[in-house]
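> Below is the file start.cif, with mmCIF, C-alpha atoms.
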```
data_query
#
loop_
_atom_site.label_atom_id
_atom_site.label_comp_id
_atom_site.auth_asym_id
_atom_site.auth_seq_id
_atom_site.Cartn_x
_atom_site.Cartn_y
_atom_site.Cartn_z
CA MET D 1 115.16 57.94 76.06
CA ARG D 2 114.00 55.92 73.04
CA LEU D 3 115.56 53.18 70.93
CA VAL D 4 115.18 53.61 67.17
CA LEU D 5 115.77 50.77 64.69
CA PHE D 6 116.46 51.74 61.08
CA GLU D 7 115.35 49.12 58.53
CA PRO D 8 116.57 46.08 60.47
CA ASP D 9 117.70 43.04 58.43
CA ILE D 10 117.63 40.20 60.95
CA PRO D 11 114.44 39.22 62.80
CA GLN D 12 116.32 37.65 65.72
CA ASN D 13 118.24 40.88 66.36
CA THR D 14 115.04 42.89 66.04
CA GLY D 15 113.30 40.66 68.57
CA THR D 16 116.29 40.93 70.91
CA LEU D 17 116.28 44.73 70.64
CA MET D 18 112.55 44.80 71.30
CA ARG D 19 113.08 42.61 74.36
CA LEU D 20 115.87 44.95 75.50
CA ALA D 21 113.64 48.01 75.15
CA ALA D 22 110.75 46.32 76.96
CA GLY D 23 113.02 45.13 79.75
CA LEU D 24 114.48 48.60 80.25
CA GLY D 25 111.08 50.27 79.99
CA LEU D 26 112.07 52.24 76.89
CA PRO D 27 109.80 53.01 73.95
CA LEU D 28 110.99 51.82 70.55
CA ASP D 29 110.56 53.16 67.03
CA LEU D 30 110.92 50.72 64.13
CA ILE D 31 111.57 52.30 60.75
CA GLU D 32 110.59 50.10 57.82
CA PRO D 33 111.06 48.47 55.44
CA CYS D 34 112.62 45.55 57.25
CA GLY D 35 114.79 42.97 55.53
CA PHE D 36 112.31 40.28 56.58
CA VAL D 37 108.59 39.82 56.94
CA LEU D 38 107.68 41.61 60.15
CA ASP D 39 105.44 39.00 61.70
CA ASP D 40 104.59 37.85 65.17
CA ARG D 41 106.20 34.40 64.90
CA ARG D 42 109.69 35.62 63.98
CA LEU D 43 109.74 38.40 66.56
CA ARG D 44 108.32 36.26 69.36
CA ARG D 45 111.11 33.72 68.99
CA ALA D 46 113.66 36.29 70.21
CA GLY D 47 111.41 38.73 72.05
CA MET D 48 109.48 36.08 73.98
CA ASP D 49 106.64 37.41 76.12
CA TYR D 50 108.38 40.76 76.63
CA LEU D 51 106.82 42.10 73.45
CA ASP D 52 103.47 42.32 75.19
CA HIS D 53 105.01 44.99 77.42
CA LEU D 54 106.72 46.99 74.69
CA ASN D 55 105.63 50.51 73.79
CA TRP D 56 106.54 50.71 70.10
CA ILE D 57 105.65 52.54 66.93
CA ARG D 58 106.11 51.29 63.36
CA HIS D 59 107.06 53.93 60.79
CA SER D 60 106.60 53.05 57.12
CA SER D 61 109.82 54.82 56.05
CA TRP D 62 112.60 57.14 57.15
CA GLU D 63 110.63 60.02 55.67
CA ALA D 64 107.56 59.11 57.74
CA TYR D 65 109.69 58.89 60.89
CA ALA D 66 111.43 62.21 60.17
CA ALA D 67 108.05 63.90 59.56
CA SER D 68 106.59 62.68 62.86
CA PRO D 69 106.92 64.85 65.96
CA GLN D 70 110.03 63.88 67.92
CA ALA D 71 111.62 65.19 71.10
CA GLY D 72 115.29 65.10 71.93
CA ARG D 73 118.43 64.54 69.93
CA LEU D 74 118.85 61.81 67.38
CA VAL D 75 122.02 59.95 68.43
CA LEU D 76 123.35 57.54 65.80
CA LEU D 77 125.60 54.59 66.62
CA THR D 78 127.94 54.19 63.67
CA THR D 79 131.37 52.85 62.81
CA ARG D 80 131.90 56.08 60.84
CA ALA D 81 131.88 58.30 63.94
CA ALA D 82 134.89 59.79 65.68
CA GLN D 83 133.38 60.35 69.14
CA PRO D 84 133.33 57.38 71.51
CA TYR D 85 130.01 56.81 73.27
CA THR D 86 131.84 56.87 76.61
CA SER D 87 132.79 60.53 76.17
CA PHE D 88 129.28 61.70 75.22
CA ALA D 89 126.90 63.46 77.62
CA PHE D 90 123.53 61.78 77.14
CA ALA D 91 120.22 63.50 77.89
CA PRO D 92 117.03 61.81 79.15
CA ASP D 93 115.14 62.51 75.91
CA ASP D 94 117.81 61.24 73.49
CA ARG D 95 116.75 58.88 70.72
CA ILE D 96 119.40 56.18 70.20
CA LEU D 97 119.42 55.09 66.55
CA VAL D 98 120.95 51.86 65.24
CA GLY D 99 121.19 51.03 61.55
CA ARG D 100 120.78 47.94 59.41
CA GLU D 101 123.05 45.05 60.28
CA SER D 102 124.20 44.83 56.64
CA ALA D 103 124.77 48.47 55.77
CA GLY D 104 124.18 50.86 58.68
CA VAL D 105 122.28 53.93 57.53
CA PRO D 106 122.41 55.93 54.28
CA ASP D 107 124.19 59.27 54.17
CA ALA D 108 120.94 61.24 54.44
CA VAL D 109 120.12 59.55 57.76
CA HIS D 110 123.73 59.88 58.93
CA ASP D 111 123.61 63.59 58.17
CA ALA D 112 120.26 64.03 59.95
CA ALA D 113 121.67 62.75 63.25
CA ASP D 114 122.41 65.35 65.92
CA ALA D 115 125.30 63.24 67.22
CA ARG D 116 127.26 60.27 65.88
CA LEU D 117 128.93 57.86 68.28
CA VAL D 118 131.26 54.90 67.91
CA ILE D 119 132.09 51.97 70.16
CA PRO D 120 135.89 51.81 70.12
CA LEU D 121 137.18 48.34 69.22
CA CYS D 122 140.59 46.73 69.00
CA PRO D 123 141.75 46.10 65.43
CA PRO D 124 141.01 44.15 63.33
CA ALA D 125 137.44 44.18 64.76
CA ARG D 126 135.18 46.52 62.79
CA SER D 127 131.85 46.30 64.56
CA LEU D 128 129.72 44.46 67.10
CA ASN D 129 126.31 42.87 66.79
CA VAL D 130 123.68 45.62 66.67
CA ALA D 131 121.87 44.32 69.77
CA ILE D 132 125.10 44.22 71.79
CA SER D 133 125.97 47.73 70.63
CA ALA D 134 122.55 49.08 71.58
CA ALA D 135 122.70 47.41 74.99
CA MET D 136 126.13 48.86 75.75
CA VAL D 137 125.21 52.39 74.75
CA LEU D 138 121.77 52.35 76.35
CA GLY D 139 123.36 51.10 79.57
CA GLU D 140 125.71 54.07 79.60
CA ALA D 141 122.99 56.52 78.59
CA LEU D 142 120.67 55.32 81.33
CA ARG D 143 123.50 55.33 83.88
CA GLN D 144 124.25 58.96 83.04
CA THR D 145 120.65 60.14 83.03
CA ALA D 146 119.19 58.24 85.99
CA SER D 147 118.38 60.41 88.96
CA PRO D 148 119.48 58.99 92.33
CA ASP D 149 115.84 58.88 93.47
CA ALA D 150 114.76 56.98 90.37
CA ALA D 151 117.63 54.51 90.70
CA ALA D 152 116.77 53.86 94.35
CA ALA D 153 113.09 53.38 93.47
CA ASP D 154 114.04 50.93 90.70
CA LEU D 155 116.19 48.91 93.09
CA ALA D 156 113.44 48.82 95.70
CA ALA D 157 110.84 47.73 93.13
CA HIS D 158 113.14 45.02 91.82
CA ALA D 159 113.86 43.76 95.34
CA ALA D 160 110.15 43.66 96.17
CA ALA D 161 109.31 41.85 92.93
CA THR D 162 112.01 39.20 93.34
CA SER D 163 111.85 38.58 97.09
CA THR D 164 110.22 35.42 98.41
CA PRO D 165 107.81 35.56 101.37
#
```
Have the structure of the file written as structure tokens, please.

Amino acid sequence: MRLVLFEPDIPQNTGTLMRLAAGLGLPLDLIEPCGFVLDDRRLRRAGMDYLDHLNWIRHSSWEAYAASPQAGRLVLLTTRAAQPYTSFAFAPDDRILVGRESAGVPDAVHDAADARLVIPLCPPARSLNVAISAAMVLGEALRQTASPDAAAADLAAHAAATSTP
């Protein structure tokens, strides 16, 4: 599983998504250009010290990302989809793609996705914050794809790391 950010507009959301990926142990792909200067100060404000633990790759453009070797399906979160994320069968090597906060993704990227998913909302709501959307969908994807042995090992490691002597 990977998280893919397409041309993010807001540095705070980008930092939050990077923190999310680091915290979940997921690699992240960032497709540029960004709608802000991609610098350490802006990202660190939201990502805090988690960014030091993030496995991420910067891609100079959508074309550069598409030309790079990728495994798994490209799964786009979009308000233009018909299929709810809760009815989708995720796979361990899926790449979860979120678009720009201001405009989503262009048609060419939309068409390149292997699957398009929506988070159903009550009207008149149209969309959620991109970081909230990614967290919801990644939570479901990881729930579906976690093996019982891996989940038990994660719980044991967390308990050992947080227990006091």
> Could you tell me which residues the PyMOL selection byres ((chain D and resi 54-63) around 10) returns for this structure, as number ranges by chain?
D: 2-7, 18-34, 47, 49-53, 64-68, 108-109
> Determine the residue set returned by the PyMOL selection byres ((chain D and resi 128-144) around 10) for the present structure, and present it as a count of residues only.
48
> Rounded to one decimal place, report the CA of Arg73 in chain D-CA of Asp114 in chain D distance in Å.
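Separating CA of Arg73 in chain D from CA of Asp114 in chain D is a distance of 5.7 Å.
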> Between CA of Phe36 in chain D and CA of Ala115 in chain D, measure the distance and give it in Å to one decimal.
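Going from CA of Phe36 in chain D over to CA of Ala115 in chain D, I get 28.4 Å.
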> So, counting all atoms listed in the file, which residue among D:Val75, D:Pro84, D:Cys122, D:Asp9 is closest to Ser102 in chain D?
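Distance minimum relative to Ser102 in chain D lands on D:Asp9.
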> Work out how far CA of Asp93 in chain D is from CA of Pro69 in chain D, in Å to one decimal.
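Atom-to-atom, CA of Pro69 in chain D to CA of Asp93 in chain D, that is 13.1 Å.
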> So, with only C-alpha atoms as the atoms that count, which of D:Gly35, D:Ala82, D:Pro123, D:Leu74 lies closest to Asp111 in chain D?
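With only C-alpha atoms as the atom set, the closest residue is D:Leu74.
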> Kindly compute an axis-aligned box around the listed atoms of range 24-27 of chain D, allowing 8 Å on each side, and express its centre and edge lengths in Å to one decimal as AutoDock Vina command-line options.

```
--center_x 112.1 --center_y 50.8 --center_z 77.1 --size_x 20.7 --size_y 20.4 --size_z 22.3
```
